[in-house]
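S.K.: Got a file for you: target-v3.pdb, PDB, C-alpha atoms.
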```
ATOM      1  CA  MET A  60     -10.262 -23.179  48.293
ATOM      2  CA  ASP A  61     -11.246 -20.603  45.618
ATOM      3  CA  VAL A  62      -9.281 -17.545  44.507
ATOM      4  CA  ARG A  63     -11.022 -15.350  47.052
ATOM      5  CA  ASP A  64     -10.144 -17.561  50.022
ATOM      6  CA  PHE A  65      -6.646 -17.985  48.667
ATOM      7  CA  VAL A  66      -6.106 -14.227  48.428
ATOM      8  CA  LEU A  67      -7.609 -13.549  51.862
ATOM      9  CA  THR A  68      -5.360 -16.182  53.441
ATOM     10  CA  ALA A  69      -2.270 -14.851  51.645
ATOM     11  CA  ILE A  70      -3.015 -11.287  52.791
ATOM     12  CA  ALA A  71      -3.622 -12.350  56.401
ATOM     13  CA  GLU A  72      -0.474 -14.473  56.523
ATOM     14  CA  THR A  73       1.791 -11.932  54.828
ATOM     15  CA  LEU A  74       0.579  -8.963  56.839
ATOM     16  CA  ASP A  75       0.506 -10.955  60.107
ATOM     17  CA  LEU A  76      -3.217 -10.370  60.655
ATOM     18  CA  PRO A  77      -6.100 -12.531  61.856
ATOM     19  CA  LEU A  78      -8.132 -13.686  58.847
ATOM     20  CA  ALA A  79     -11.252 -12.107  60.368
ATOM     21  CA  VAL A  80      -9.941  -8.556  59.955
ATOM     22  CA  VAL A  81      -9.218  -9.000  56.241
ATOM     23  CA  ARG A  82     -12.486  -7.927  54.624
ATOM     24  CA  ASP A  83     -13.294  -7.095  51.025
ATOM     25  CA  ASP A  84     -13.638  -3.397  51.818
ATOM     26  CA  SER A  85     -10.432  -3.202  53.887
ATOM     27  CA  LYS A  86      -7.895  -0.805  52.408
ATOM     28  CA  LEU A  87      -4.480  -2.410  51.918
ATOM     29  CA  VAL A  88      -2.678   0.678  53.234
ATOM     30  CA  ASP A  89      -4.685   0.360  56.450
ATOM     31  CA  LEU A  90      -3.877  -3.333  56.848
ATOM     32  CA  ALA A  91      -0.156  -3.220  56.037
ATOM     33  CA  GLU A  92       2.378  -1.855  58.493
ATOM     34  CA  ASP A  93       4.242  -0.125  55.681
ATOM     35  CA  SER A  94       5.219  -0.204  52.017
ATOM     36  CA  ILE A  95       7.703  -3.050  52.467
ATOM     37  CA  LYS A  96       4.854  -5.264  53.704
ATOM     38  CA  LEU A  97       2.734  -4.248  50.704
ATOM     39  CA  PHE A  98       5.588  -5.117  48.372
ATOM     40  CA  GLU A  99       6.045  -8.446  50.176
ATOM     41  CA  LEU A 100       2.353  -9.153  49.610
ATOM     42  CA  LEU A 101       2.674  -8.328  45.935
ATOM     43  CA  ILE A 102       5.577 -10.683  45.334
ATOM     44  CA  ARG A 103       3.894 -13.400  47.386
ATOM     45  CA  LEU A 104       0.792 -13.175  45.213
ATOM     46  CA  GLU A 105       2.994 -13.186  42.101
ATOM     47  CA  ASN A 106       4.696 -16.337  43.325
ATOM     48  CA  LEU A 107       1.446 -18.014  44.398
ATOM     49  CA  PHE A 108      -0.202 -17.417  41.057
ATOM     50  CA  SER A 109       2.988 -17.753  38.993
ATOM     51  CA  TYR A 110       2.170 -14.468  37.295
ATOM     52  CA  ARG A 111       4.322 -11.354  36.850
ATOM     53  CA  VAL A 112       2.143  -8.379  37.662
ATOM     54  CA  SER A 113       2.287  -5.318  35.435
ATOM     55  CA  TYR A 114       2.670  -2.475  37.928
ATOM     56  CA  GLU A 115       0.762  -0.097  35.700
ATOM     57  CA  ALA A 116      -2.162  -2.523  35.793
ATOM     58  CA  ILE A 117      -2.531  -2.373  39.564
ATOM     59  CA  VAL A 118      -2.585   1.398  39.998
ATOM     60  CA  HIS A 119      -6.307   1.321  40.778
ATOM     61  CA  ILE A 120      -6.022  -1.313  43.500
ATOM     62  CA  GLU A 121      -6.917   0.018  46.939
ATOM     63  CA  THR A 122      -8.905  -2.648  48.744
ATOM     64  CA  VAL A 123      -8.775  -6.378  49.382
ATOM     65  CA  GLY A 124     -11.791  -6.686  47.066
ATOM     66  CA  ASP A 125      -9.828  -4.921  44.302
ATOM     67  CA  VAL A 126      -7.028  -7.493  44.675
ATOM     68  CA  ILE A 127      -9.486 -10.387  44.423
ATOM     69  CA  ALA A 128     -11.194  -8.831  41.387
ATOM     70  CA  TYR A 129      -7.824  -8.227  39.683
ATOM     71  CA  ILE A 130      -6.591 -11.764  40.295
ATOM     72  CA  GLU A 131      -9.881 -13.179  39.018
ATOM     73  CA  THR A 132      -9.057 -11.525  35.671
ATOM     74  CA  LEU A 133      -5.626 -13.168  35.366
ATOM     75  CA  PRO A 134      -5.076 -16.244  33.215
ATOM     76  CA  ILE A 135      -4.030 -18.292  36.237
ATOM     77  CA  ASP A 136      -3.867 -22.045  36.430
ATOM     78  CA  ARG A 137      -6.585 -23.096  38.915
ATOM     79  CA  GLY A 138      -4.784 -26.422  39.267
ATOM     80  CA  VAL A 139      -1.932 -24.570  40.989
ATOM     81  CA  LEU A 140      -4.367 -23.320  43.651
ATOM     82  CA  GLN A 141      -5.728 -26.806  44.201
ATOM     83  CA  ALA A 142      -2.250 -28.319  44.448
ATOM     84  CA  THR A 143      -1.111 -25.616  46.897
ATOM     85  CA  THR A 144      -4.250 -26.085  49.003
ATOM     86  CA  GLN A 145      -3.696 -29.848  49.148
ATOM     87  CA  LYS A 146      -0.024 -29.343  50.033
ATOM     88  CA  LYS A 147      -1.015 -26.998  52.869
ATOM     89  CA  ALA A 148      -3.650 -29.406  54.166
ATOM     90  CA  ALA A 149      -1.121 -32.252  54.191
TER      91      ALA A 149
ATOM     92  CA  MET B  59      16.047  20.658  52.107
ATOM     93  CA  ILE B  60      14.166  21.552  55.255
ATOM     94  CA  TRP B  61      13.006  18.733  57.513
ATOM     95  CA  ASP B  62      10.169  18.567  59.990
ATOM     96  CA  LEU B  63      10.055  15.442  62.111
ATOM     97  CA  VAL B  64       7.431  14.689  64.731
ATOM     98  CA  ARG B  65       6.401  11.831  66.955
ATOM     99  CA  SER B  66       2.630  11.548  66.816
ATOM    100  CA  SER B  67       0.745  10.744  70.008
ATOM    101  CA  GLU B  68      -1.966   9.080  67.916
ATOM    102  CA  THR B  69      -1.067   6.389  65.425
ATOM    103  CA  THR B  70      -4.268   5.952  63.429
ATOM    104  CA  ARG B  71      -3.845   6.497  59.695
ATOM    105  CA  ALA B  72      -6.013   9.633  59.860
ATOM    106  CA  ALA B  73      -3.964  11.093  62.728
ATOM    107  CA  LEU B  74      -0.680  10.362  60.960
ATOM    108  CA  SER B  75      -2.014  11.921  57.761
ATOM    109  CA  THR B  76      -3.029  15.081  59.626
ATOM    110  CA  ALA B  77       0.356  15.216  61.377
ATOM    111  CA  GLY B  78       2.027  14.809  57.973
ATOM    112  CA  HIS B  79       0.146  17.782  56.523
ATOM    113  CA  GLN B  80       1.046  19.896  59.546
ATOM    114  CA  ALA B  81       4.713  18.874  59.281
ATOM    115  CA  ALA B  82       4.741  19.684  55.545
ATOM    116  CA  THR B  83       3.174  23.083  56.219
ATOM    117  CA  ARG B  84       5.793  23.930  58.864
ATOM    118  CA  ALA B  85       8.640  22.707  56.621
ATOM    119  CA  ALA B  86       7.363  24.775  53.678
ATOM    120  CA  GLN B  87       6.987  27.895  55.835
ATOM    121  CA  ARG B  88      10.520  27.475  57.194
ATOM    122  CA  ALA B  89      11.909  26.905  53.691
ATOM    123  CA  LEU B  90      10.234  30.127  52.494
ATOM    124  CA  GLN B  91      11.524  32.026  55.507
ATOM    125  CA  ILE B  92      15.086  30.849  54.850
ATOM    126  CA  SER B  93      14.915  31.703  51.139
ATOM    127  CA  ASP B  94      13.526  35.172  51.932
ATOM    128  CA  PRO B  95      14.269  36.133  55.581
ATOM    129  CA  ARG B  96      12.634  39.551  55.185
ATOM    130  CA  GLY B  97       9.581  38.170  53.475
ATOM    131  CA  GLU B  98       6.134  38.118  54.967
ATOM    132  CA  HIS B  99       4.656  35.115  56.756
ATOM    133  CA  HIS B 100       3.082  32.822  54.203
ATOM    134  CA  THR B 101      -0.122  30.857  54.487
ATOM    135  CA  ILE B 102       0.371  27.405  53.007
ATOM    136  CA  ALA B 103      -2.104  24.917  51.605
ATOM    137  CA  ILE B 104      -0.923  21.350  51.079
ATOM    138  CA  GLU B 105      -2.542  20.063  47.904
ATOM    139  CA  LYS B 106      -2.038  17.094  45.620
ATOM    140  CA  ASP B 107      -0.962  17.362  42.004
ATOM    141  CA  VAL B 108      -2.362  15.233  39.173
ATOM    142  CA  LEU B 109      -0.122  12.321  40.181
ATOM    143  CA  GLY B 110      -1.286  12.506  43.781
ATOM    144  CA  LYS B 111       2.015  13.997  44.912
ATOM    145  CA  PRO B 112       1.724  16.656  47.633
ATOM    146  CA  GLU B 113       2.815  20.219  46.974
ATOM    147  CA  ALA B 114       2.700  23.290  49.173
ATOM    148  CA  ARG B 115       0.886  26.164  47.524
ATOM    149  CA  VAL B 116       1.465  29.665  48.848
ATOM    150  CA  LEU B 117      -1.964  31.220  49.168
ATOM    151  CA  GLY B 118      -2.362  34.530  47.396
ATOM    152  CA  SER B 119       0.600  33.886  45.117
ATOM    153  CA  ALA B 120       1.593  31.697  42.190
ATOM    154  CA  GLN B 121       4.493  30.296  44.190
ATOM    155  CA  SER B 122       4.643  26.697  45.313
ATOM    156  CA  VAL B 123       7.133  24.761  47.397
ATOM    157  CA  ALA B 124       8.179  21.159  46.764
ATOM    158  CA  VAL B 125       7.184  18.961  49.698
ATOM    159  CA  SER B 126       7.125  15.269  50.478
ATOM    160  CA  ILE B 127       5.604  13.437  53.438
ATOM    161  CA  SER B 128       6.098   9.994  54.963
ATOM    162  CA  HIS B 129       5.051   8.226  58.112
ATOM    163  CA  ALA B 130       5.939   5.067  59.997
ATOM    164  CA  ALA B 131       3.961   5.077  63.212
ATOM    165  CA  PRO B 132       4.551   6.844  65.498
ATOM    166  CA  PHE B 133       6.918   9.012  63.427
ATOM    167  CA  VAL B 134       5.996  11.478  60.702
ATOM    168  CA  CYS B 135       8.451  13.359  58.541
ATOM    169  CA  ALA B 136       8.123  16.032  55.897
ATOM    170  CA  VAL B 137      10.694  17.792  53.761
ATOM    171  CA  ALA B 138      10.373  20.994  51.782
ATOM    172  CA  ASP B 139      12.509  22.867  49.279
ATOM    173  CA  THR B 140      11.904  26.190  47.536
ATOM    174  CA  ALA B 141      14.357  25.265  44.756
ATOM    175  CA  PRO B 142      12.981  23.668  41.578
ATOM    176  CA  VAL B 143      13.510  20.049  42.579
ATOM    177  CA  LEU B 144      11.756  16.715  42.478
ATOM    178  CA  LEU B 145      11.561  15.858  46.157
ATOM    179  CA  GLY B 146      10.839  12.588  47.925
ATOM    180  CA  THR B 147      11.089  11.311  51.468
ATOM    181  CA  ASP B 148      10.535   8.029  53.244
ATOM    182  CA  ILE B 149      10.747   6.788  56.802
ATOM    183  CA  GLU B 150      11.035   3.114  57.726
ATOM    184  CA  ARG B 151      11.309   0.971  60.811
ATOM    185  CA  ILE B 152      14.519  -1.044  60.757
ATOM    186  CA  ARG B 153      13.706  -4.720  61.087
ATOM    187  CA  PRO B 154      14.345  -8.002  59.301
ATOM    188  CA  CYS B 155      12.286  -8.720  56.183
ATOM    189  CA  THR B 156      11.952 -11.853  54.109
ATOM    190  CA  THR B 157      14.703 -12.745  51.656
ATOM    191  CA  ALA B 158      12.077 -12.711  48.898
ATOM    192  CA  VAL B 159      11.623  -8.958  49.365
ATOM    193  CA  TRP B 160      15.316  -8.221  48.871
ATOM    194  CA  GLU B 161      15.644 -10.699  46.020
ATOM    195  CA  ALA B 162      12.814  -8.917  44.232
ATOM    196  CA  CYS B 163      13.547  -5.266  44.901
ATOM    197  CA  LEU B 164      17.340  -4.926  44.913
ATOM    198  CA  THR B 165      19.447  -4.575  41.782
ATOM    199  CA  PRO B 166      22.437  -6.934  41.305
ATOM    200  CA  ALA B 167      24.812  -4.080  42.210
ATOM    201  CA  GLU B 168      22.882  -3.311  45.424
ATOM    202  CA  LYS B 169      22.848  -6.991  46.384
ATOM    203  CA  ALA B 170      26.601  -7.243  45.820
ATOM    204  CA  PHE B 171      27.258  -4.081  47.869
ATOM    205  CA  ILE B 172      25.162  -5.326  50.794
ATOM    206  CA  ALA B 173      26.606  -8.847  50.642
ATOM    207  CA  ALA B 174      30.118  -7.380  50.907
ATOM    208  CA  ALA B 175      29.208  -5.357  54.023
ATOM    209  CA  PRO B 176      29.764  -6.712  57.545
ATOM    210  CA  ARG B 177      26.836  -8.951  58.565
ATOM    211  CA  ARG B 178      25.731  -6.605  61.367
ATOM    212  CA  GLU B 179      25.244  -3.768  58.868
ATOM    213  CA  ARG B 180      23.249  -5.651  56.245
ATOM    214  CA  GLU B 181      19.788  -5.242  57.756
ATOM    215  CA  MET B 182      20.296  -1.492  58.036
ATOM    216  CA  LEU B 183      21.612  -1.290  54.463
ATOM    217  CA  GLN B 184      18.627  -3.241  53.134
ATOM    218  CA  ILE B 185      16.171  -0.905  54.832
ATOM    219  CA  ARG B 186      18.163   2.140  53.689
ATOM    220  CA  ALA B 187      18.075   0.820  50.136
ATOM    221  CA  TRP B 188      14.300   0.330  50.269
ATOM    222  CA  SER B 189      13.738   3.677  51.921
ATOM    223  CA  LEU B 190      15.784   5.540  49.315
ATOM    224  CA  LYS B 191      14.124   3.677  46.445
ATOM    225  CA  GLU B 192      10.724   4.649  47.767
ATOM    226  CA  ALA B 193      11.817   8.261  48.245
ATOM    227  CA  VAL B 194      13.037   8.312  44.621
ATOM    228  CA  LEU B 195       9.758   6.814  43.364
ATOM    229  CA  LYS B 196       7.880   9.462  45.334
ATOM    230  CA  ALA B 197      10.123  12.198  43.938
ATOM    231  CA  PHE B 198       9.184  11.111  40.422
ATOM    232  CA  GLY B 199       5.527  10.971  41.478
ATOM    233  CA  VAL B 200       5.041   7.300  40.626
ATOM    234  CA  GLY B 201       5.266   5.488  43.963
ATOM    235  CA  LEU B 202       5.059   1.720  43.717
ATOM    236  CA  ARG B 203       3.477   1.953  40.258
ATOM    237  CA  VAL B 204       7.068   1.457  39.090
ATOM    238  CA  HIS B 205       9.030  -1.575  40.265
ATOM    239  CA  PRO B 206      11.652  -0.543  42.865
ATOM    240  CA  ARG B 207      14.295  -2.480  40.922
ATOM    241  CA  ASN B 208      14.147   0.344  38.360
ATOM    242  CA  VAL B 209      15.913   2.526  40.930
ATOM    243  CA  ASP B 210      19.593   1.834  41.654
ATOM    244  CA  VAL B 211      20.838   3.375  44.905
ATOM    245  CA  THR B 212      24.140   1.503  45.236
ATOM    246  CA  ASN B 213      26.194   4.725  45.142
ATOM    247  CA  ALA B 214      24.078   6.300  47.877
ATOM    248  CA  LEU B 215      24.470   3.297  50.200
ATOM    249  CA  GLY B 216      28.214   3.756  50.391
ATOM    250  CA  ALA B 217      28.404   7.500  49.890
ATOM    251  CA  THR B 218      30.129   9.788  52.338
ATOM    252  CA  THR B 219      28.783  12.928  50.659
ATOM    253  CA  SER B 220      25.217  14.036  50.120
ATOM    254  CA  THR B 221      25.578  14.376  46.340
ATOM    255  CA  VAL B 222      25.274  11.005  44.642
ATOM    256  CA  ARG B 223      24.358   9.415  41.337
ATOM    257  CA  ILE B 224      21.119   7.458  41.371
ATOM    258  CA  GLY B 225      19.973   5.170  38.602
ATOM    259  CA  TRP B 226      16.455   5.700  37.311
ATOM    260  CA  ARG B 227      15.331   3.298  34.608
ATOM    261  CA  GLY B 228      18.888   2.817  33.404
ATOM    262  CA  VAL B 229      19.842   6.513  33.354
ATOM    263  CA  TRP B 230      22.070   8.028  36.061
ATOM    264  CA  HIS B 231      21.011  11.306  37.668
ATOM    265  CA  THR B 232      22.744  13.474  40.235
ATOM    266  CA  ALA B 233      20.741  13.871  43.421
ATOM    267  CA  THR B 234      21.097  15.259  46.907
ATOM    268  CA  VAL B 235      20.439  12.679  49.612
ATOM    269  CA  GLU B 236      20.071  13.376  53.340
ATOM    270  CA  TRP B 237      19.646  10.719  56.031
ATOM    271  CA  MET B 238      18.119  11.066  59.480
ATOM    272  CA  HIS B 239      18.409   8.384  62.162
ATOM    273  CA  LEU B 240      15.583   8.942  64.640
ATOM    274  CA  ASN B 241      16.672   6.290  67.114
ATOM    275  CA  PRO B 242      18.179   2.836  66.638
ATOM    276  CA  THR B 243      14.914   1.609  65.123
ATOM    277  CA  TYR B 244      13.872   4.173  62.501
ATOM    278  CA  VAL B 245      15.622   5.764  59.558
ATOM    279  CA  ALA B 246      14.386   8.539  57.306
ATOM    280  CA  VAL B 247      15.749   9.739  53.996
ATOM    281  CA  ALA B 248      15.078  12.654  51.685
ATOM    282  CA  VAL B 249      16.182  12.911  48.073
ATOM    283  CA  ALA B 250      16.086  15.903  45.728
ATOM    284  CA  PHE B 251      16.682  15.830  41.972
ATOM    285  CA  PRO B 252      17.332  19.194  40.306
ATOM    286  CA  PHE B 253      14.321  19.751  38.083
ATOM    287  CA  SER B 254      15.034  19.477  34.382
ATOM    288  CA  ALA B 255      13.368  18.074  31.315
ATOM    289  CA  ARG B 256      15.984  15.328  31.264
ATOM    290  CA  THR B 257      15.123  14.259  34.788
ATOM    291  CA  LEU B 258      11.561  13.648  33.703
ATOM    292  CA  GLU B 259      12.456  11.533  30.670
TER     293      GLU B 259
END
```
Would you give me this structure, written as structure tokens?
M.R.:
Amino acid sequence: MDVRDFVLTAIAETLDLPLAVVRDDSKLVDLAEDSIKLFELLIRLENLFSYRVSYEAIVHIETVGDVIAYIETLPIDRGVLQATTQKKAA
Amino acid sequence: MIWDLVRSSETTRAALSTAGHQAATRAAQRALQISDPRGEHHTIAIEKDVLGKPEARVLGSAQSVAVSISHAAPFVCAVADTAPVLLGTDIERIRPCTTAVWEACLTPAEKAFIAAAPRREREMLQIRAWSLKEAVLKAFGVGLRVHPRNVDVTNALGATTSTVRIGWRGVWHTATVEWMHLNPTYVAVAVAFPFSARTLE
């Protein structure tokens, strides 16, 4: 599972949505029921990628694609993704 | 603070946004009417400032009215105030959320206050805390660009008066807070900080 799939799955699971409706051009404010859900998504992504997000750095984020692009820029440990994917599969 | 609360028959984001603008317009007009009962009827345009925060501009005059808008389908609320204030509102559906959310967004003092409350009241207090934090962040025009833990609303959670001290990035400010319970499932809050250079520090 790559970063993109990982992010899509995390968004779908956190916002209680079918994976099929989470598209790159989907706006997060349209997908989330409210701001609490958006905050829940943020802290879930922080925990998944073991990275504390600078809130000023995510001002521009509007769409699912923006989230993927932002996370791709982070110095994340790809091994964590692989380990989490294997844990889920098991 | 003047409130305008509506239940929208349509719950698409576009419909709620339109209903929010209409509610803000009505609230601003009522606020102007109350501040100047003999004044003429004002035409209002809801515009966004440089931070994306809505403000009601009185057409044909230099006057503007502080407004704030929030929606949680199917409800929409708007507040307006002609006084020089930083104004924010938020409406939330009361429901359980994950522990991770509260661990991340509440300050130690807020957590202690909620933990000491009767169990049946905790869910409501958590949502009230979030709602007020978001209203404060909107009042300062920053929204979730600032972590909600930078806002401490402990005093407001237990307050019996509308004037409370709210922590903003470690500094305490006096604010007016008004709550509105729409039904057992939704709560709305509005907060107003008297405008001053210190408030904006």
S.K.: Please identify all polymer residues within 9 Å of A:Ser94, counting all atoms listed in the file, omitting same-chain residues fewer than 3 positions from it, and present them as number ranges by chain.
M.R.: A: 88, 91, 97-99; B: 150, 192, 202
S.K.: Got a sec: who's within 12 Å of B:Gln121, counting all atoms listed in the file, leaving out chain neighbours fewer than 2 positions off, as a VMD selection string?
M.R.: chain B and resid 86 90 100 to 103 113 to 119 123 to 124 140 to 142
S.K.: Save out the residues we just selected, C-alpha atoms, as a PDB file, in the coordinates of the input.
M.R.:
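Output (out_33.pdb):
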```
ATOM      1  CA  ALA B  86       7.363  24.775  53.678  1.00  0.00           C
ATOM      2  CA  LEU B  90      10.234  30.127  52.494  1.00  0.00           C
ATOM      3  CA  HIS B 100       3.082  32.822  54.203  1.00  0.00           C
ATOM      4  CA  THR B 101      -0.122  30.857  54.487  1.00  0.00           C
ATOM      5  CA  ILE B 102       0.371  27.405  53.007  1.00  0.00           C
ATOM      6  CA  ALA B 103      -2.104  24.917  51.605  1.00  0.00           C
ATOM      7  CA  GLU B 113       2.815  20.219  46.974  1.00  0.00           C
ATOM      8  CA  ALA B 114       2.700  23.290  49.173  1.00  0.00           C
ATOM      9  CA  ARG B 115       0.886  26.164  47.524  1.00  0.00           C
ATOM     10  CA  VAL B 116       1.465  29.665  48.848  1.00  0.00           C
ATOM     11  CA  LEU B 117      -1.964  31.220  49.168  1.00  0.00           C
ATOM     12  CA  GLY B 118      -2.362  34.530  47.396  1.00  0.00           C
ATOM     13  CA  SER B 119       0.600  33.886  45.117  1.00  0.00           C
ATOM     14  CA  VAL B 123       7.133  24.761  47.397  1.00  0.00           C
ATOM     15  CA  ALA B 124       8.179  21.159  46.764  1.00  0.00           C
ATOM     16  CA  THR B 140      11.904  26.190  47.536  1.00  0.00           C
ATOM     17  CA  ALA B 141      14.357  25.265  44.756  1.00  0.00           C
ATOM     18  CA  PRO B 142      12.981  23.668  41.578  1.00  0.00           C
TER      19      PRO B 142
END
```
S.K.: Using only C-alpha atoms, what does the table of chain A residues within 8 Å of chain B look like, with each row giving the shortest atom pair and its distance in Å to one decimal, sorted by chain and ascending number, as CSV?
M.R.:
```
residue,atom,partner,partner_atom,distance
A:Asp89,CA,B:Arg71,CA,7.0
A:Glu92,CA,B:Ala130,CA,7.9
A:Asp93,CA,B:Ala130,CA,7.0
A:Ile95,CA,B:Trp188,CA,7.7
A:Phe98,CA,B:Val159,CA,7.2
A:Glu99,CA,B:Val159,CA,5.7
A:Ile102,CA,B:Val159,CA,7.5
A:Tyr114,CA,B:Arg203,CA,5.1
A:Glu115,CA,B:Arg203,CA,5.7
A:Ile117,CA,B:Arg203,CA,7.4
A:Val118,CA,B:Arg203,CA,6.1
```
S.K.: Could you save the residues just selected, with C-alpha atoms, as a PDB file, in the coordinates of the input?
M.R.:
```pdb
ATOM      1  CA  ASP A  89      -4.685   0.360  56.450  1.00  0.00           C
ATOM      2  CA  GLU A  92       2.378  -1.855  58.493  1.00  0.00           C
ATOM      3  CA  ASP A  93       4.242  -0.125  55.681  1.00  0.00           C
ATOM      4  CA  ILE A  95       7.703  -3.050  52.467  1.00  0.00           C
ATOM      5  CA  PHE A  98       5.588  -5.117  48.372  1.00  0.00           C
ATOM      6  CA  GLU A  99       6.045  -8.446  50.176  1.00  0.00           C
ATOM      7  CA  ILE A 102       5.577 -10.683  45.334  1.00  0.00           C
ATOM      8  CA  TYR A 114       2.670  -2.475  37.928  1.00  0.00           C
ATOM      9  CA  GLU A 115       0.762  -0.097  35.700  1.00  0.00           C
ATOM     10  CA  ILE A 117      -2.531  -2.373  39.564  1.00  0.00           C
ATOM     11  CA  VAL A 118      -2.585   1.398  39.998  1.00  0.00           C
TER      12      VAL A 118
END
```
S.K.: So that I can check the surroundings of B:Leu145, please list as a PDB file with C-alpha atoms, in the frame of the given file every protein, DNA and RNA residue that reaches within 10 Å of it, counting all atoms listed in the file and ignoring chain neighbours fewer than 2 positions away.
M.R.:
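Written output follows (around.pdb):
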```pdb
ATOM      1  CA  MET B  59      16.047  20.658  52.107  1.00  0.00           C
ATOM      2  CA  LYS B 111       2.015  13.997  44.912  1.00  0.00           C
ATOM      3  CA  PRO B 112       1.724  16.656  47.633  1.00  0.00           C
ATOM      4  CA  GLU B 113       2.815  20.219  46.974  1.00  0.00           C
ATOM      5  CA  ALA B 124       8.179  21.159  46.764  1.00  0.00           C
ATOM      6  CA  VAL B 125       7.184  18.961  49.698  1.00  0.00           C
ATOM      7  CA  SER B 126       7.125  15.269  50.478  1.00  0.00           C
ATOM      8  CA  ILE B 127       5.604  13.437  53.438  1.00  0.00           C
ATOM      9  CA  VAL B 137      10.694  17.792  53.761  1.00  0.00           C
ATOM     10  CA  ALA B 138      10.373  20.994  51.782  1.00  0.00           C
ATOM     11  CA  ASP B 139      12.509  22.867  49.279  1.00  0.00           C
ATOM     12  CA  ALA B 141      14.357  25.265  44.756  1.00  0.00           C
ATOM     13  CA  PRO B 142      12.981  23.668  41.578  1.00  0.00           C
ATOM     14  CA  VAL B 143      13.510  20.049  42.579  1.00  0.00           C
ATOM     15  CA  THR B 147      11.089  11.311  51.468  1.00  0.00           C
ATOM     16  CA  ALA B 193      11.817   8.261  48.245  1.00  0.00           C
ATOM     17  CA  VAL B 194      13.037   8.312  44.621  1.00  0.00           C
ATOM     18  CA  LEU B 195       9.758   6.814  43.364  1.00  0.00           C
ATOM     19  CA  LYS B 196       7.880   9.462  45.334  1.00  0.00           C
ATOM     20  CA  ALA B 197      10.123  12.198  43.938  1.00  0.00           C
ATOM     21  CA  PHE B 198       9.184  11.111  40.422  1.00  0.00           C
ATOM     22  CA  GLY B 199       5.527  10.971  41.478  1.00  0.00           C
ATOM     23  CA  ALA B 233      20.741  13.871  43.421  1.00  0.00           C
ATOM     24  CA  THR B 234      21.097  15.259  46.907  1.00  0.00           C
ATOM     25  CA  ALA B 248      15.078  12.654  51.685  1.00  0.00           C
ATOM     26  CA  VAL B 249      16.182  12.911  48.073  1.00  0.00           C
ATOM     27  CA  ALA B 250      16.086  15.903  45.728  1.00  0.00           C
ATOM     28  CA  PHE B 251      16.682  15.830  41.972  1.00  0.00           C
ATOM     29  CA  PRO B 252      17.332  19.194  40.306  1.00  0.00           C
ATOM     30  CA  PHE B 253      14.321  19.751  38.083  1.00  0.00           C
TER      31      PHE B 253
END
```
S.K.: Excluding B:Arg88 and any residue of its chain fewer than 5 positions from it, enumerate the residues within 9 Å of it, using all atoms listed in the file, and give them as a PyMOL selection string.
M.R.: chain B and resi 60+83+93+138
S.K.: Distance atom CA of B:Thr69-atom CA of B:Val134, one decimal place?
M.R.: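 That distance, rounded to one decimal, is 9.9 Å.
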S.K.: For a test of reading the model, state the distance in Å between atom CA of A:Leu67 and atom CA of A:Ile135, rounded to one decimal.
M.R.: 16.7 Å
S.K.: Please, what distance in Å, to one decimal, runs between atom CA of A:Ser85 and atom CA of A:Glu121?
M.R.: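 These two atoms are separated by 8.4 Å.
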S.K.: Since the input is missing atoms for stretch 139-146 of chain B, could you rebuild it with N, CA, C and O atoms and give the result as a tab-separated table (two decimals), in the coordinates of the input?
M.R.:
```tsv
chain	number	residue	atom	x	y	z
B	139	ASP	N	11.41	22.19	49.97
B	139	ASP	CA	12.51	22.87	49.28
B	139	ASP	C	11.91	23.90	48.34
B	139	ASP	O	11.01	23.58	47.56
B	140	THR	N	12.41	25.13	48.43
B	140	THR	CA	11.90	26.19	47.54
B	140	THR	C	12.57	26.13	46.16
B	140	THR	O	12.10	26.76	45.22
B	141	ALA	N	13.68	25.39	46.05
B	141	ALA	CA	14.36	25.26	44.76
B	141	ALA	C	13.52	24.39	43.82
B	141	ALA	O	12.70	23.59	44.29
B	142	PRO	N	13.72	24.53	42.51
B	142	PRO	CA	12.98	23.67	41.58
B	142	PRO	C	13.55	22.25	41.57
B	142	PRO	O	14.49	21.95	40.84
B	143	VAL	N	13.01	21.43	42.45
B	143	VAL	CA	13.51	20.05	42.58
B	143	VAL	C	12.35	19.07	42.59
B	143	VAL	O	11.21	19.42	42.90
B	144	LEU	N	12.69	17.82	42.26
B	144	LEU	CA	11.76	16.72	42.48
B	144	LEU	C	12.16	16.13	43.82
B	144	LEU	O	13.29	15.67	43.99
B	145	LEU	N	11.23	16.16	44.76
B	145	LEU	CA	11.56	15.86	46.16
B	145	LEU	C	10.80	14.63	46.65
B	145	LEU	O	9.61	14.47	46.36
B	146	GLY	N	11.50	13.76	47.36
B	146	GLY	CA	10.84	12.59	47.92
B	146	GLY	C	11.42	12.25	49.27
B	146	GLY	O	12.61	12.46	49.51
```
